[in-house]
Amino acid sequence: MIKHYLKVAFRNLLKYKTQNIISIIGLAVGLLCFCICMYCSRFVETTNHCFSNYTRIVELNLYDDQTGTCFSGTQVALSEELRTWAMGEVEAISCMAYSRERSFLAGISEEKSLPYELETIEIDTLYNKVFTPRILAGNWETASRTPNAVILSESTAIKIFGKIETAIGKHLTLMRRLHTSPESTPKTGGIVYTVQVVMEDIPLNNGFSFMTHTDAMVLNDSFGLFQSPKRHDMTGALTYVLLSPHADIAALEQQFSKRNYSYTMYNQAYSVVANYIGDRSQKKGAFVLGWATGIVGTLILLVGLVNFFHFLIGSFLNRTKEYSIMKMAGCNWSQQFCLLFVQSLIVIVASSFLVVWGIELIGDRMDFSLSGITMTFPPAVLLKHALQYIIFLILLCAVICMFVSVRIRRISIQDGMHGGNKRRRKQWGRNFMLGIQFFICWIFVSFTVALFLQSETTTKTLFHTLSQKEKEAILSIPLDYPFMKNEEKLDMVERFKQHAGVKDILLSDIAYTQGVSGNLLMTEKGNDNSWTDIDIMCVPLNFFTFMNIPVKEGRTILTKQDLVMDEVWQNKQKKNVIGMIFYDQNNDYTVCGVCAPFQTDIHNHSGGYAFILYDPSVYVGHCYVKCYPQQQKEVVKWIERIRQKMLPENIPCQVRTFQDDLYEMQAMEYILKDIILFFAMVSIIITLLGVYSSITLDTERRQKEVAVRKVNGAGIRHIIWLFARLYIALLVVTAIISFPLVYMVLQWWKQIYTVFFNCGCWFWTGIFLSVAMVTALTIWFRIMRIARINPVESIKNE
């Protein structure tokens, strides 16, 4: 019997090969995109679920009753104070400092040491009890009793030392003084840490270091925050409480209330509030990402499912005559159900094969790591999720097949033999599904165009004094290496200059896309209360010519006492600022010129920039190289060879451009643009395939009607309008519904930027005409084909 079911199923699938291929591909692509998007949503929704004590971990925060807001962190002293209490509701209290990047010199062997930048968290000895990390090598008890002990993550230990067992006992030497270190500590650090434990990598969806890979944790840090006298004045830590198994958060809050407890900071009392770590995470902005990816994935899956179910149900109901004959032959409803279910199961299996193949093909290639953000897509997890969705889809198909079987069973044999044409007169269900596809298509296409226009606006605005071509021609070379002496950096720069293709070189203490040199100047000498908020950039003499920044008034910097303001700050003062005197802790400055605005940010309004003379002999953190035309490739190879010779083997020697820095600066915007573009292409293709399938069925079914109209004098224009008006109506109606929704989102999105693209009439008109043109090309061929058929032949064939 199964052989018969398979035979009938394949026969019907081959009868409409094109439509079934469209259904299979559309469903597979929609399901694949849905798996990826829902992985992101589930990743966010399960934040902190990786910890075995997840349901008992509570985060403490300081609450300001006057403003009604919570501090982002707490002081270390809070946990020290709470540990003195005798609370049966609490099993352990753990405190950890904010995650920060530290520069270490790792002793690979007695003869070899290499520098590494490790994302590090300072913790206390109770971290193990609260968060229960899985220890792979070493001993936690030993580490908790050892000064300056390091707990490495598994991947970091393998990256540095090759094996996790090899890492135990190795030394990491700090190369840069901590902000909590005493002033007597050398700037080069010099503190030696010992690797005592290697733990399993902390999942990226943890609440204290979300989407950031933690390389190391430090215990008993002699110069860290926990040992520093500054811990009483800084809210640079997170405090977690592990509740006893029989206690809940209400019992903990009752303890605070009974003691009327408040924490004093900066001579002001603050309440202490408790939240389960899951509840606290739900309020963070990351969950916007979870909802957004979930909605996008659902929309894409819906586009694929609409095609699949529309054709599946349509093909079932079109066979009512066949089913009626089967009933006459004694076929019961269960046999009809099996017949339909086998056919739909074959389509799902074919789509599932494509989904699995797609996950294996692109799974690892989607991983990315940007500045402060890391995301991985494990193929094993994606396959597990895909299997869950496929099972759910199979159950949904079983329900649909059951519904169709019952409906067919209720139709009399006479109606089944003659009722097919009557049912076909109305296609409300199909048209509604097509409308849903167009609606989703409008949303994705609109956001894709908006993201492209905004990214172009962003590129033109950032460092607008440089053209796009100039940004791509400037090489950006980081030199912020704590393992190198400043003299060695200057020697490297001198070697760069030796190439004939180098036109000019600009040195700085910090990359211009990563921050500023300072942000405070005083208008009165020695009066700290006379400060003015302004971004300070230390720049060399050739800065203004190198960056094409015109000086509008006065002159450029010549001495250490000179200062140049940009027009933004002068406009805020509403007066001429040339000749004004400013002060910092060490020097006096006189404004000698006013330059054009220096635009480095498009999310926050600039308060203005002040430029003072930079001395590269003190510290070099970055180098920009401008090349002569047609010689950039040779200069890049020259610089990479020099860097390869002078830098340790683990430091990448590849050279980037200034435009690459800008792309990294706006990485999320560009990544989102590419993702939405992909989804837009998927939705357009699936929608057009659905339109093609629909117009094909329409033209084949209505050949006799077209023939009669042509005999009665209808021309090609009338035939075109007969079929095209439906799709014009669908385009217009769905655009009227979707465009206002997109506009509302764009207005919310606009608030994030200081500059935004013009989303006026031409924006919407261009989108509508583009999609309408593509849709017209899709249906034009089929309409023209039926419009040219000889009516006599059509009637004869009918």
# chains A, B, ... in the order shown; residues from 1 in each chain; ligands from 1

$ residues_around --residues "Glu524 in chain A" --least-positions-apart "3" --cutoff "8 Å" --atoms "only C-alpha atoms" --output "MDAnalysis selection string"
chainID A and resid 527:528 530:531 582:583

$ residues_around --residues "Phe309 in chain A" --least-positions-apart "6" --cutoff "12 Å" --atoms "only C-alpha atoms" --output "PyMOL selection string"
chain A and resi 19-20+22-24+26-27+301-303+315-317+344+347-348+393+396-397+399-401+429-430+433-434+690

$ select_by_dssp --residues "range 73-194 of chain A" --states "alpha helix (DSSP H)" --output "list in words"
Val76, Ala77, Leu78, Ser79, Glu80, Glu81, Leu82, Tyr127, Asn128, Lys129, Val130, Phe131, Trp140, Glu141, Thr142, Ala143, Ser144, Glu154, Ser155, Thr156, Ala157, Ile158, Lys159, Ile160, Phe161, Ile164, Glu165, Thr166 and Ala167 of chain A

$ closest_residue --among "A:Glu45, A:Asp588, A:Glu494, A:Glu664" --to "Ile642 in chain A" --atoms "only C-alpha atoms"
A:Glu494

$ closest_residue --among "A:Pro597, A:Ala610, A:Leu475, A:Arg717" --to "Ile534 in chain A" --atoms "only C-alpha atoms"
A:Ala610

$ atom_distance --atom1 "CA of Thr532 in chain A" --atom2 "CA of Glu553 in chain A"
21.6 Å

$ closest_residue --among "A:Lys469, A:Asp480, A:Ile684, A:Val551" --to "Thr657 in chain A" --atoms "only C-alpha atoms"
A:Lys469

$ atom_distance --atom1 "CA of Trp442 in chain A" --atom2 "CA of Ser738 in chain A"
6.6 Å

$ residues_around --residues "range 252-257 of chain A" --least-positions-apart "2" --cutoff "10 Å" --atoms "only C-alpha atoms" --output "ChimeraX atom specification"
/A:58,85,87-90,241,243,247-250,259-262,271-275

$ residues_around --residues "Asn205 in chain A" --least-positions-apart "3" --cutoff "12 Å" --atoms "only C-alpha atoms" --output "ChimeraX atom specification"
/A:39-51,201-202,208-214,278,281,286-287,290,373-376

$ closest_residue --among "A:Leu6, A:Met199, A:Val342, A:Ile300" --to "Thr687 in chain A" --atoms "only C-alpha atoms"
A:Ile300

$ atom_distance --atom1 "CA of Trp638 in chain A" --atom2 "CA of Ile477 in chain A"
12.7 Å

$ residues_around --residues "Arg145 in chain A" --least-positions-apart "2" --cutoff "9 Å" --atoms "only C-alpha atoms" --output "PDB file with N, CA and C atoms, in the first residue's frame"
ATOM      1  N   THR A 125      36.547  34.857  45.091  1.00  0.00           N
ATOM      2  CA  THR A 125      36.644  33.405  45.209  1.00  0.00           C
ATOM      3  C   THR A 125      35.288  32.712  45.233  1.00  0.00           C
ATOM      4  N   TRP A 140      40.443  24.821  41.480  1.00  0.00           N
ATOM      5  CA  TRP A 140      39.899  26.110  41.911  1.00  0.00           C
ATOM      6  C   TRP A 140      40.368  26.471  43.316  1.00  0.00           C
ATOM      7  N   GLU A 141      40.428  25.493  44.209  1.00  0.00           N
ATOM      8  CA  GLU A 141      40.841  25.782  45.577  1.00  0.00           C
ATOM      9  C   GLU A 141      42.260  26.334  45.615  1.00  0.00           C
ATOM     10  N   THR A 142      43.123  25.772  44.798  1.00  0.00           N
ATOM     11  CA  THR A 142      44.494  26.288  44.721  1.00  0.00           C
ATOM     12  C   THR A 142      44.505  27.710  44.203  1.00  0.00           C
ATOM     13  N   ALA A 143      43.703  27.968  43.170  1.00  0.00           N
ATOM     14  CA  ALA A 143      43.642  29.310  42.585  1.00  0.00           C
ATOM     15  C   ALA A 143      43.107  30.321  43.590  1.00  0.00           C
ATOM     16  N   PRO A 147      47.871  34.353  45.088  1.00  0.00           N
ATOM     17  CA  PRO A 147      47.793  35.755  44.635  1.00  0.00           C
ATOM     18  C   PRO A 147      47.950  35.844  43.115  1.00  0.00           C
ATOM     19  N   ALA A 149      46.077  34.994  40.590  1.00  0.00           N
ATOM     20  CA  ALA A 149      45.774  33.761  39.862  1.00  0.00           C
ATOM     21  C   ALA A 149      44.897  34.074  38.658  1.00  0.00           C
ATOM     22  N   LEU A 219      41.839  36.255  39.893  1.00  0.00           N
ATOM     23  CA  LEU A 219      41.535  36.098  41.313  1.00  0.00           C
ATOM     24  C   LEU A 219      42.639  36.716  42.163  1.00  0.00           C
ATOM     25  N   ASN A 220      42.268  37.319  43.280  1.00  0.00           N
ATOM     26  CA  ASN A 220      43.242  37.860  44.237  1.00  0.00           C
ATOM     27  C   ASN A 220      44.225  38.819  43.565  1.00  0.00           C
TER      28      ASN A 220
END

$ residues_around --residues "Leu731 in chain A" --least-positions-apart "5" --cutoff "10 Å" --atoms "only C-alpha atoms" --output "number ranges by chain"
A: 434-435, 438-439, 442, 725-726, 736, 768, 771-772, 775

$ closest_residue --among "A:Gln343, A:Asn486, A:Thr458, A:Ser103" --to "Gly190 in chain A" --atoms "only C-alpha atoms"
A:Ser103

$ closest_residue --among "A:Thr448, A:Gln336, A:Ser222, A:Ser113" --to "Val742 in chain A" --atoms "only C-alpha atoms"
A:Thr448
